[in-house]
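Listing of final07.cif, mmCIF, N, CA and C atoms
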```cif
data_entry
#
loop_
_atom_site.label_atom_id
_atom_site.label_comp_id
_atom_site.auth_asym_id
_atom_site.auth_seq_id
_atom_site.Cartn_x
_atom_site.Cartn_y
_atom_site.Cartn_z
N MET B 10 -3.79 3.25 19.85
CA MET B 10 -2.71 3.06 18.91
C MET B 10 -3.08 3.74 17.61
N ILE B 11 -2.07 4.24 16.94
CA ILE B 11 -2.25 4.81 15.60
C ILE B 11 -1.49 3.92 14.63
N VAL B 12 -2.13 3.58 13.53
CA VAL B 12 -1.50 2.78 12.48
C VAL B 12 -1.53 3.59 11.20
N ALA B 13 -0.37 3.76 10.60
CA ALA B 13 -0.24 4.37 9.28
C ALA B 13 0.07 3.24 8.31
N PHE B 14 -0.73 3.12 7.26
CA PHE B 14 -0.46 2.04 6.31
C PHE B 14 -0.76 2.47 4.88
N SER B 15 -0.09 1.79 3.97
CA SER B 15 -0.27 2.01 2.55
C SER B 15 -0.39 0.65 1.88
N ILE B 16 -1.41 0.50 1.07
CA ILE B 16 -1.64 -0.75 0.35
C ILE B 16 -1.69 -0.44 -1.14
N SER B 17 -1.03 -1.25 -1.93
CA SER B 17 -1.06 -1.05 -3.37
C SER B 17 -1.05 -2.41 -4.07
N PRO B 18 -1.84 -2.54 -5.12
CA PRO B 18 -1.81 -3.79 -5.88
C PRO B 18 -0.54 -3.87 -6.72
N SER B 19 -0.13 -5.08 -7.06
CA SER B 19 1.06 -5.24 -7.89
C SER B 19 0.77 -4.90 -9.34
N THR B 20 -0.49 -4.91 -9.71
CA THR B 20 -0.87 -4.60 -11.08
C THR B 20 -1.86 -3.45 -11.08
N GLY B 21 -1.81 -2.65 -12.13
CA GLY B 21 -2.74 -1.54 -12.26
C GLY B 21 -3.74 -1.80 -13.36
N ASP B 22 -4.54 -0.78 -13.63
CA ASP B 22 -5.48 -0.90 -14.74
C ASP B 22 -4.75 -0.71 -16.07
N GLU B 23 -5.48 -0.54 -17.16
CA GLU B 23 -4.85 -0.43 -18.48
C GLU B 23 -3.92 0.78 -18.61
N THR B 24 -4.07 1.76 -17.73
CA THR B 24 -3.19 2.94 -17.76
C THR B 24 -2.09 2.85 -16.70
N GLY B 25 -2.09 1.78 -15.92
CA GLY B 25 -1.11 1.63 -14.85
C GLY B 25 -1.59 2.19 -13.53
N GLY B 26 -2.79 2.77 -13.53
CA GLY B 26 -3.34 3.35 -12.31
C GLY B 26 -3.83 2.31 -11.32
N VAL B 27 -3.82 2.69 -10.05
CA VAL B 27 -4.28 1.79 -8.99
C VAL B 27 -5.40 2.42 -8.16
N SER B 28 -5.98 3.51 -8.65
CA SER B 28 -6.99 4.25 -7.90
C SER B 28 -8.18 3.42 -7.47
N GLU B 29 -8.70 2.58 -8.36
CA GLU B 29 -9.89 1.80 -8.01
C GLU B 29 -9.60 0.82 -6.87
N ALA B 30 -8.45 0.17 -6.92
CA ALA B 30 -8.09 -0.76 -5.85
C ALA B 30 -7.87 -0.02 -4.54
N VAL B 31 -7.21 1.12 -4.60
CA VAL B 31 -6.97 1.92 -3.39
C VAL B 31 -8.30 2.42 -2.83
N ALA B 32 -9.19 2.84 -3.70
CA ALA B 32 -10.50 3.30 -3.23
C ALA B 32 -11.24 2.18 -2.49
N ALA B 33 -11.11 0.95 -2.94
CA ALA B 33 -11.75 -0.17 -2.25
C ALA B 33 -11.19 -0.32 -0.84
N ALA B 34 -9.89 -0.13 -0.68
CA ALA B 34 -9.27 -0.22 0.64
C ALA B 34 -9.72 0.94 1.53
N VAL B 35 -9.76 2.14 0.98
CA VAL B 35 -10.19 3.31 1.75
C VAL B 35 -11.65 3.16 2.16
N ARG B 36 -12.46 2.55 1.31
CA ARG B 36 -13.87 2.31 1.66
C ARG B 36 -13.97 1.43 2.91
N VAL B 37 -13.13 0.41 3.00
CA VAL B 37 -13.10 -0.45 4.19
C VAL B 37 -12.78 0.39 5.43
N VAL B 38 -11.80 1.26 5.31
CA VAL B 38 -11.41 2.12 6.44
C VAL B 38 -12.57 3.01 6.85
N ARG B 39 -13.18 3.68 5.89
CA ARG B 39 -14.28 4.61 6.21
C ARG B 39 -15.48 3.89 6.82
N GLU B 40 -15.75 2.69 6.38
CA GLU B 40 -16.88 1.93 6.92
C GLU B 40 -16.58 1.33 8.29
N SER B 41 -15.31 1.34 8.70
CA SER B 41 -14.92 0.72 9.97
C SER B 41 -15.41 1.49 11.19
N GLY B 42 -15.62 2.78 11.03
CA GLY B 42 -16.02 3.60 12.17
C GLY B 42 -14.85 4.10 13.01
N LEU B 43 -13.64 3.67 12.70
CA LEU B 43 -12.47 4.15 13.43
C LEU B 43 -12.11 5.57 12.97
N PRO B 44 -11.54 6.38 13.87
CA PRO B 44 -11.02 7.67 13.44
C PRO B 44 -9.95 7.41 12.37
N HIS B 45 -9.98 8.21 11.32
CA HIS B 45 -9.04 7.98 10.21
C HIS B 45 -8.78 9.25 9.43
N GLU B 46 -7.72 9.22 8.65
CA GLU B 46 -7.42 10.25 7.67
C GLU B 46 -6.60 9.62 6.57
N THR B 47 -6.78 10.11 5.36
CA THR B 47 -6.02 9.62 4.23
C THR B 47 -5.27 10.79 3.62
N ASN B 48 -3.98 10.61 3.36
CA ASN B 48 -3.20 11.65 2.70
C ASN B 48 -2.54 11.07 1.46
N ALA B 49 -1.62 11.77 0.88
CA ALA B 49 -1.02 11.36 -0.39
C ALA B 49 -0.22 10.06 -0.31
N MET B 50 0.23 9.70 0.88
CA MET B 50 1.09 8.53 1.01
C MET B 50 0.54 7.41 1.89
N PHE B 51 -0.27 7.74 2.88
CA PHE B 51 -0.73 6.74 3.85
C PHE B 51 -2.17 7.00 4.26
N THR B 52 -2.77 5.99 4.83
CA THR B 52 -4.02 6.14 5.55
C THR B 52 -3.69 5.87 7.01
N ASN B 53 -4.16 6.74 7.89
CA ASN B 53 -3.94 6.61 9.33
C ASN B 53 -5.25 6.24 10.00
N ILE B 54 -5.19 5.29 10.90
CA ILE B 54 -6.37 4.91 11.69
C ILE B 54 -5.97 4.87 13.16
N GLU B 55 -6.97 5.01 14.03
CA GLU B 55 -6.71 4.96 15.47
C GLU B 55 -7.73 4.05 16.14
N GLY B 56 -7.23 3.19 17.01
CA GLY B 56 -8.10 2.28 17.74
C GLY B 56 -7.25 1.30 18.53
N ASP B 57 -7.88 0.27 19.08
CA ASP B 57 -7.07 -0.73 19.78
C ASP B 57 -6.45 -1.68 18.76
N TRP B 58 -5.53 -2.49 19.26
CA TRP B 58 -4.76 -3.39 18.38
C TRP B 58 -5.67 -4.23 17.47
N ASP B 59 -6.63 -4.91 18.08
CA ASP B 59 -7.47 -5.83 17.31
C ASP B 59 -8.29 -5.09 16.25
N ALA B 60 -8.85 -3.95 16.60
CA ALA B 60 -9.67 -3.19 15.64
C ALA B 60 -8.81 -2.69 14.48
N CYS B 61 -7.64 -2.15 14.78
CA CYS B 61 -6.76 -1.64 13.72
C CYS B 61 -6.29 -2.76 12.80
N MET B 62 -5.84 -3.85 13.37
CA MET B 62 -5.33 -4.94 12.54
C MET B 62 -6.44 -5.59 11.71
N ASP B 63 -7.66 -5.61 12.25
CA ASP B 63 -8.79 -6.14 11.48
C ASP B 63 -9.05 -5.26 10.26
N VAL B 64 -9.00 -3.94 10.44
CA VAL B 64 -9.23 -3.02 9.31
C VAL B 64 -8.12 -3.19 8.27
N VAL B 65 -6.88 -3.26 8.72
CA VAL B 65 -5.76 -3.45 7.77
C VAL B 65 -5.95 -4.76 7.00
N LYS B 66 -6.28 -5.81 7.70
CA LYS B 66 -6.48 -7.11 7.04
C LYS B 66 -7.59 -7.03 5.99
N ARG B 67 -8.73 -6.43 6.35
CA ARG B 67 -9.84 -6.34 5.42
C ARG B 67 -9.52 -5.41 4.23
N ALA B 68 -8.73 -4.37 4.47
CA ALA B 68 -8.32 -3.48 3.38
C ALA B 68 -7.39 -4.22 2.41
N VAL B 69 -6.47 -5.01 2.94
CA VAL B 69 -5.60 -5.83 2.09
C VAL B 69 -6.45 -6.81 1.28
N GLU B 70 -7.42 -7.43 1.91
CA GLU B 70 -8.29 -8.38 1.20
C GLU B 70 -9.07 -7.70 0.08
N ALA B 71 -9.49 -6.46 0.30
CA ALA B 71 -10.22 -5.71 -0.74
C ALA B 71 -9.33 -5.47 -1.95
N VAL B 72 -8.07 -5.15 -1.73
CA VAL B 72 -7.14 -4.94 -2.85
C VAL B 72 -6.79 -6.29 -3.48
N ALA B 73 -6.62 -7.32 -2.68
CA ALA B 73 -6.30 -8.65 -3.20
C ALA B 73 -7.41 -9.20 -4.09
N ALA B 74 -8.61 -8.70 -3.93
CA ALA B 74 -9.73 -9.16 -4.77
C ALA B 74 -9.54 -8.75 -6.23
N VAL B 75 -8.68 -7.75 -6.48
CA VAL B 75 -8.46 -7.30 -7.86
C VAL B 75 -7.00 -7.44 -8.31
N SER B 76 -6.16 -7.99 -7.44
CA SER B 76 -4.74 -8.13 -7.80
C SER B 76 -4.18 -9.42 -7.20
N PRO B 77 -3.37 -10.14 -7.96
CA PRO B 77 -2.81 -11.39 -7.45
C PRO B 77 -1.72 -11.18 -6.40
N ARG B 78 -1.24 -9.94 -6.27
CA ARG B 78 -0.17 -9.65 -5.31
C ARG B 78 -0.40 -8.24 -4.76
N VAL B 79 -0.18 -8.08 -3.44
CA VAL B 79 -0.46 -6.81 -2.77
C VAL B 79 0.75 -6.40 -1.95
N SER B 80 1.08 -5.11 -2.00
CA SER B 80 2.15 -4.55 -1.18
C SER B 80 1.52 -3.82 0.01
N LEU B 81 2.06 -4.07 1.21
CA LEU B 81 1.58 -3.41 2.42
C LEU B 81 2.76 -2.82 3.16
N VAL B 82 2.68 -1.52 3.46
CA VAL B 82 3.66 -0.85 4.31
C VAL B 82 2.88 -0.40 5.54
N LEU B 83 3.40 -0.72 6.74
CA LEU B 83 2.67 -0.42 7.97
C LEU B 83 3.62 0.12 9.03
N LYS B 84 3.17 1.16 9.70
CA LYS B 84 3.91 1.74 10.83
C LYS B 84 2.90 1.96 11.94
N ALA B 85 3.27 1.60 13.18
CA ALA B 85 2.32 1.73 14.30
C ALA B 85 2.96 2.46 15.47
N ASP B 86 2.15 3.30 16.11
CA ASP B 86 2.51 3.97 17.35
C ASP B 86 1.67 3.31 18.43
N VAL B 87 2.28 2.39 19.16
CA VAL B 87 1.57 1.62 20.19
C VAL B 87 1.78 2.33 21.53
N ARG B 88 0.72 2.96 22.03
CA ARG B 88 0.81 3.74 23.26
C ARG B 88 -0.46 3.51 24.06
N PRO B 89 -0.52 2.40 24.82
CA PRO B 89 -1.74 2.07 25.57
C PRO B 89 -2.17 3.21 26.50
N GLY B 90 -3.49 3.40 26.56
CA GLY B 90 -4.05 4.40 27.45
C GLY B 90 -4.19 5.78 26.84
N TRP B 91 -3.74 5.97 25.63
CA TRP B 91 -3.82 7.27 24.96
C TRP B 91 -4.81 7.18 23.81
N ASP B 92 -5.85 7.98 23.85
CA ASP B 92 -6.86 8.03 22.78
C ASP B 92 -6.87 9.43 22.18
N GLY B 93 -7.44 9.57 21.02
CA GLY B 93 -7.58 10.87 20.38
C GLY B 93 -6.28 11.47 19.90
N GLN B 94 -5.28 10.64 19.72
CA GLN B 94 -3.96 11.16 19.35
C GLN B 94 -3.80 11.43 17.85
N LEU B 95 -4.70 10.92 17.04
CA LEU B 95 -4.63 11.18 15.61
C LEU B 95 -4.67 12.69 15.36
N ALA B 96 -5.52 13.39 16.08
CA ALA B 96 -5.61 14.85 15.96
C ALA B 96 -4.70 15.54 16.97
N ALA B 97 -4.62 15.01 18.19
CA ALA B 97 -3.89 15.69 19.26
C ALA B 97 -2.40 15.85 18.96
N LYS B 98 -1.79 14.87 18.32
CA LYS B 98 -0.36 14.97 17.99
C LYS B 98 -0.11 16.15 17.05
N VAL B 99 -0.98 16.32 16.07
CA VAL B 99 -0.84 17.42 15.12
C VAL B 99 -1.13 18.75 15.83
N GLU B 100 -2.15 18.77 16.68
CA GLU B 100 -2.50 20.01 17.40
C GLU B 100 -1.34 20.49 18.28
N ARG B 101 -0.61 19.56 18.90
CA ARG B 101 0.53 19.96 19.72
C ARG B 101 1.61 20.64 18.88
N ILE B 102 1.87 20.12 17.70
CA ILE B 102 2.86 20.72 16.81
C ILE B 102 2.39 22.09 16.31
N GLU B 103 1.12 22.17 15.91
CA GLU B 103 0.57 23.44 15.43
C GLU B 103 0.65 24.50 16.53
N ALA B 104 0.40 24.12 17.78
CA ALA B 104 0.47 25.07 18.89
C ALA B 104 1.89 25.60 19.06
N LEU B 105 2.88 24.73 18.88
CA LEU B 105 4.27 25.16 18.98
C LEU B 105 4.68 26.06 17.83
N LEU B 106 4.14 25.81 16.65
CA LEU B 106 4.46 26.63 15.48
C LEU B 106 3.82 28.01 15.56
N GLY B 107 2.64 28.08 16.17
CA GLY B 107 1.96 29.35 16.34
C GLY B 107 1.27 29.84 15.08
N PRO B 108 0.52 30.94 15.22
CA PRO B 108 -0.27 31.45 14.10
C PRO B 108 0.56 32.02 12.95
N GLU B 109 1.83 32.31 13.20
CA GLU B 109 2.66 32.85 12.12
C GLU B 109 3.07 31.78 11.11
N ASN B 110 2.81 30.51 11.42
CA ASN B 110 3.12 29.40 10.52
C ASN B 110 1.90 28.50 10.33
N PRO B 111 0.82 29.04 9.76
CA PRO B 111 -0.40 28.22 9.63
C PRO B 111 -0.25 27.12 8.59
N GLN B 112 -0.97 26.04 8.82
CA GLN B 112 -1.01 24.97 7.83
C GLN B 112 -2.01 25.37 6.76
N THR B 113 -1.65 25.23 5.49
CA THR B 113 -2.53 25.57 4.38
C THR B 113 -2.91 24.28 3.67
N PRO B 114 -3.96 24.32 2.85
CA PRO B 114 -4.34 23.10 2.12
C PRO B 114 -3.22 22.53 1.27
N GLU B 115 -2.27 23.34 0.83
CA GLU B 115 -1.16 22.85 0.01
C GLU B 115 -0.03 22.28 0.85
N THR B 116 -0.10 22.45 2.17
CA THR B 116 0.95 22.00 3.05
C THR B 116 0.90 20.49 3.20
N PRO B 117 2.05 19.82 3.12
CA PRO B 117 2.04 18.37 3.37
C PRO B 117 1.39 18.09 4.72
N GLY B 118 0.57 17.05 4.74
CA GLY B 118 -0.14 16.70 5.96
C GLY B 118 -1.60 17.07 5.88
N SER B 119 -1.98 17.87 4.87
CA SER B 119 -3.40 18.18 4.71
C SER B 119 -4.11 16.94 4.21
N ASP B 120 -5.40 16.89 4.39
CA ASP B 120 -6.17 15.70 4.03
C ASP B 120 -6.46 15.68 2.54
N ALA B 121 -5.63 14.98 1.79
CA ALA B 121 -5.81 14.87 0.34
C ALA B 121 -5.84 13.40 -0.02
N ASN B 122 -6.94 12.92 -0.55
CA ASN B 122 -7.06 11.52 -0.93
C ASN B 122 -6.31 11.31 -2.24
N ALA B 123 -5.26 10.52 -2.20
CA ALA B 123 -4.43 10.35 -3.39
C ALA B 123 -4.21 8.87 -3.69
N GLU B 124 -3.89 8.61 -4.91
CA GLU B 124 -3.65 7.26 -5.39
C GLU B 124 -2.50 6.61 -4.65
N GLY B 125 -2.68 5.37 -4.23
CA GLY B 125 -1.60 4.61 -3.60
C GLY B 125 -1.46 4.84 -2.12
N SER B 126 -2.50 5.32 -1.45
CA SER B 126 -2.34 5.63 -0.03
C SER B 126 -3.39 5.00 0.85
N ALA B 127 -3.74 3.80 0.61
CA ALA B 127 -4.72 3.15 1.49
C ALA B 127 -3.99 2.29 2.47
#
```

So, in terms of structure tokens, how does the structure I just supplied come out?
Amino acid sequence: MIVAFSISPSTGDETGGVSEAVAAAVRVVRESGLPHETNAMFTNIEGDWDACMDVVKRAVEAVAAVSPRVSLVLKADVRPGWDGQLAAKVERIEALLGPENPQTPETPGSDANAEGSA
């Protein structure tokens, strides 16, 4: 299964930023050992149901440690028996687009760690 989720605290720092709280959530994801990627809007993880939901829960708890209220947006692709789809789904699209339409670092979907996307 692939889970795309975004976690944000209800309150920011003195400038309104939420980077530190989001970084705490992303740290949980990275330490989980699950395949993952973080982009400007979401963090994607891949694993079985229990492993993914455990990571999401712990990431929410990390943000809740610095905020009295937490927002969570979650989308899941539940497809038992399919592994390695975090990369394979993108590879299938890239193969259809061909070399005349390469993905560049500025292209949406590139791996860019951004505020508000844990």

Residue members of the PyMOL selection byres (((chain B and resi 21-27 and name CA) around 10) and name CA) in the file shown, as a PyMOL selection string: chain B and resi 17-20+28-32+72+75-76+124-126

Which of segment 27-120 of chain B end up as alpha helix (DSSP H) when DSSP is run on this backbone - answer as a VMD selection string? chain B and resid 28 to 41 58 to 73 94 to 106

Please write the residues picked by the PyMOL selection byres ((chain B and resi 84-95) around 7) on this file as a list in words.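 Evaluating the PyMOL selection byres ((chain B and resi 84-95) around 7) on these coordinates yields Met10, Ile11, Val12, Ala13, Phe14, Ser15, Ile54, Glu55, Val82, Leu83, Ala96, Ala97, Lys98, Val99 and Glu100 of chain B.
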
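Reported to one decimal place, the separation of atom CA of Thr113 of chain B from atom CA of Asn53 of chain B is 19.6 Å.
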
Determine the residue membership of the PyMOL selection byres (((chain B and resi 39 and name CA) around 12) and name CA) for the file above and supply it as a ChimeraX atom specification. /B:32-38,40-47,52-55,64-65,67-68,127

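Atom CA of Phe51 of chain B sits 15.3 Å away from atom CA of Lys66 of chain B.
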
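Taking atom C of Leu81 of chain B and atom CA of Ile16 of chain B as the two end points, the separation is 5.6 Å.
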
Within segment 81-121 of chain B, find each residue whose DSSP state, derived from the backbone, is strand (DSSP E or B), and express the selection as a list in words.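 Result set for segment 81-121 of chain B (strand (DSSP E or B)): Leu81, Val82, Leu83, Lys84, Ala85 and Asp86 of chain B.
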
Please complete segment 44-64 of chain B so it has N, CA, C and O atoms, and hand it over as a PDB file, in the coordinates of the input.
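Final file, result28.pdb:
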```pdb
ATOM      1  N   PRO B  44     -11.540   6.380  13.870  1.00  0.00           N
ATOM      2  CA  PRO B  44     -11.020   7.670  13.440  1.00  0.00           C
ATOM      3  C   PRO B  44      -9.950   7.410  12.370  1.00  0.00           C
ATOM      4  O   PRO B  44      -9.133   6.502  12.520  1.00  0.00           O
ATOM      5  N   HIS B  45      -9.980   8.210  11.320  1.00  0.00           N
ATOM      6  CA  HIS B  45      -9.040   7.980  10.210  1.00  0.00           C
ATOM      7  C   HIS B  45      -8.780   9.250   9.430  1.00  0.00           C
ATOM      8  O   HIS B  45      -9.534  10.222   9.525  1.00  0.00           O
ATOM      9  N   GLU B  46      -7.720   9.220   8.650  1.00  0.00           N
ATOM     10  CA  GLU B  46      -7.420  10.250   7.670  1.00  0.00           C
ATOM     11  C   GLU B  46      -6.600   9.620   6.570  1.00  0.00           C
ATOM     12  O   GLU B  46      -5.828   8.689   6.814  1.00  0.00           O
ATOM     13  N   THR B  47      -6.780  10.110   5.360  1.00  0.00           N
ATOM     14  CA  THR B  47      -6.020   9.620   4.230  1.00  0.00           C
ATOM     15  C   THR B  47      -5.270  10.790   3.620  1.00  0.00           C
ATOM     16  O   THR B  47      -5.854  11.858   3.431  1.00  0.00           O
ATOM     17  N   ASN B  48      -3.980  10.610   3.360  1.00  0.00           N
ATOM     18  CA  ASN B  48      -3.200  11.650   2.700  1.00  0.00           C
ATOM     19  C   ASN B  48      -2.540  11.070   1.460  1.00  0.00           C
ATOM     20  O   ASN B  48      -2.869   9.955   1.055  1.00  0.00           O
ATOM     21  N   ALA B  49      -1.620  11.770   0.880  1.00  0.00           N
ATOM     22  CA  ALA B  49      -1.020  11.360  -0.390  1.00  0.00           C
ATOM     23  C   ALA B  49      -0.220  10.060  -0.310  1.00  0.00           C
ATOM     24  O   ALA B  49      -0.019   9.394  -1.315  1.00  0.00           O
ATOM     25  N   MET B  50       0.230   9.700   0.880  1.00  0.00           N
ATOM     26  CA  MET B  50       1.090   8.530   1.010  1.00  0.00           C
ATOM     27  C   MET B  50       0.540   7.410   1.890  1.00  0.00           C
ATOM     28  O   MET B  50       0.883   6.248   1.686  1.00  0.00           O
ATOM     29  N   PHE B  51      -0.270   7.740   2.880  1.00  0.00           N
ATOM     30  CA  PHE B  51      -0.730   6.740   3.850  1.00  0.00           C
ATOM     31  C   PHE B  51      -2.170   7.000   4.260  1.00  0.00           C
ATOM     32  O   PHE B  51      -2.684   8.112   4.109  1.00  0.00           O
ATOM     33  N   THR B  52      -2.770   5.990   4.830  1.00  0.00           N
ATOM     34  CA  THR B  52      -4.020   6.140   5.550  1.00  0.00           C
ATOM     35  C   THR B  52      -3.690   5.870   7.010  1.00  0.00           C
ATOM     36  O   THR B  52      -2.991   4.905   7.330  1.00  0.00           O
ATOM     37  N   ASN B  53      -4.160   6.740   7.890  1.00  0.00           N
ATOM     38  CA  ASN B  53      -3.940   6.610   9.330  1.00  0.00           C
ATOM     39  C   ASN B  53      -5.250   6.240  10.000  1.00  0.00           C
ATOM     40  O   ASN B  53      -6.289   6.826   9.677  1.00  0.00           O
ATOM     41  N   ILE B  54      -5.190   5.290  10.900  1.00  0.00           N
ATOM     42  CA  ILE B  54      -6.370   4.910  11.690  1.00  0.00           C
ATOM     43  C   ILE B  54      -5.970   4.870  13.160  1.00  0.00           C
ATOM     44  O   ILE B  54      -4.795   4.715  13.495  1.00  0.00           O
ATOM     45  N   GLU B  55      -6.970   5.010  14.030  1.00  0.00           N
ATOM     46  CA  GLU B  55      -6.710   4.960  15.470  1.00  0.00           C
ATOM     47  C   GLU B  55      -7.730   4.050  16.140  1.00  0.00           C
ATOM     48  O   GLU B  55      -8.925   4.128  15.859  1.00  0.00           O
ATOM     49  N   GLY B  56      -7.230   3.190  17.010  1.00  0.00           N
ATOM     50  CA  GLY B  56      -8.100   2.280  17.740  1.00  0.00           C
ATOM     51  C   GLY B  56      -7.250   1.300  18.530  1.00  0.00           C
ATOM     52  O   GLY B  56      -6.026   1.478  18.637  1.00  0.00           O
ATOM     53  N   ASP B  57      -7.880   0.270  19.080  1.00  0.00           N
ATOM     54  CA  ASP B  57      -7.070  -0.730  19.780  1.00  0.00           C
ATOM     55  C   ASP B  57      -6.450  -1.680  18.760  1.00  0.00           C
ATOM     56  O   ASP B  57      -6.754  -1.648  17.570  1.00  0.00           O
ATOM     57  N   TRP B  58      -5.530  -2.490  19.260  1.00  0.00           N
ATOM     58  CA  TRP B  58      -4.760  -3.390  18.380  1.00  0.00           C
ATOM     59  C   TRP B  58      -5.670  -4.230  17.470  1.00  0.00           C
ATOM     60  O   TRP B  58      -5.484  -4.261  16.249  1.00  0.00           O
ATOM     61  N   ASP B  59      -6.630  -4.910  18.080  1.00  0.00           N
ATOM     62  CA  ASP B  59      -7.470  -5.830  17.310  1.00  0.00           C
ATOM     63  C   ASP B  59      -8.290  -5.090  16.250  1.00  0.00           C
ATOM     64  O   ASP B  59      -8.397  -5.554  15.108  1.00  0.00           O
ATOM     65  N   ALA B  60      -8.850  -3.950  16.600  1.00  0.00           N
ATOM     66  CA  ALA B  60      -9.670  -3.190  15.640  1.00  0.00           C
ATOM     67  C   ALA B  60      -8.810  -2.690  14.480  1.00  0.00           C
ATOM     68  O   ALA B  60      -9.211  -2.810  13.311  1.00  0.00           O
ATOM     69  N   CYS B  61      -7.640  -2.150  14.780  1.00  0.00           N
ATOM     70  CA  CYS B  61      -6.760  -1.640  13.720  1.00  0.00           C
ATOM     71  C   CYS B  61      -6.290  -2.760  12.800  1.00  0.00           C
ATOM     72  O   CYS B  61      -6.343  -2.622  11.572  1.00  0.00           O
ATOM     73  N   MET B  62      -5.840  -3.850  13.370  1.00  0.00           N
ATOM     74  CA  MET B  62      -5.330  -4.940  12.540  1.00  0.00           C
ATOM     75  C   MET B  62      -6.440  -5.590  11.710  1.00  0.00           C
ATOM     76  O   MET B  62      -6.204  -6.023  10.577  1.00  0.00           O
ATOM     77  N   ASP B  63      -7.660  -5.610  12.250  1.00  0.00           N
ATOM     78  CA  ASP B  63      -8.790  -6.140  11.480  1.00  0.00           C
ATOM     79  C   ASP B  63      -9.050  -5.260  10.260  1.00  0.00           C
ATOM     80  O   ASP B  63      -9.275  -5.764   9.159  1.00  0.00           O
ATOM     81  N   VAL B  64      -9.000  -3.940  10.440  1.00  0.00           N
ATOM     82  CA  VAL B  64      -9.230  -3.020   9.310  1.00  0.00           C
ATOM     83  C   VAL B  64      -8.120  -3.190   8.270  1.00  0.00           C
ATOM     84  O   VAL B  64      -8.391  -3.251   7.067  1.00  0.00           O
TER      85      VAL B  64
END
```
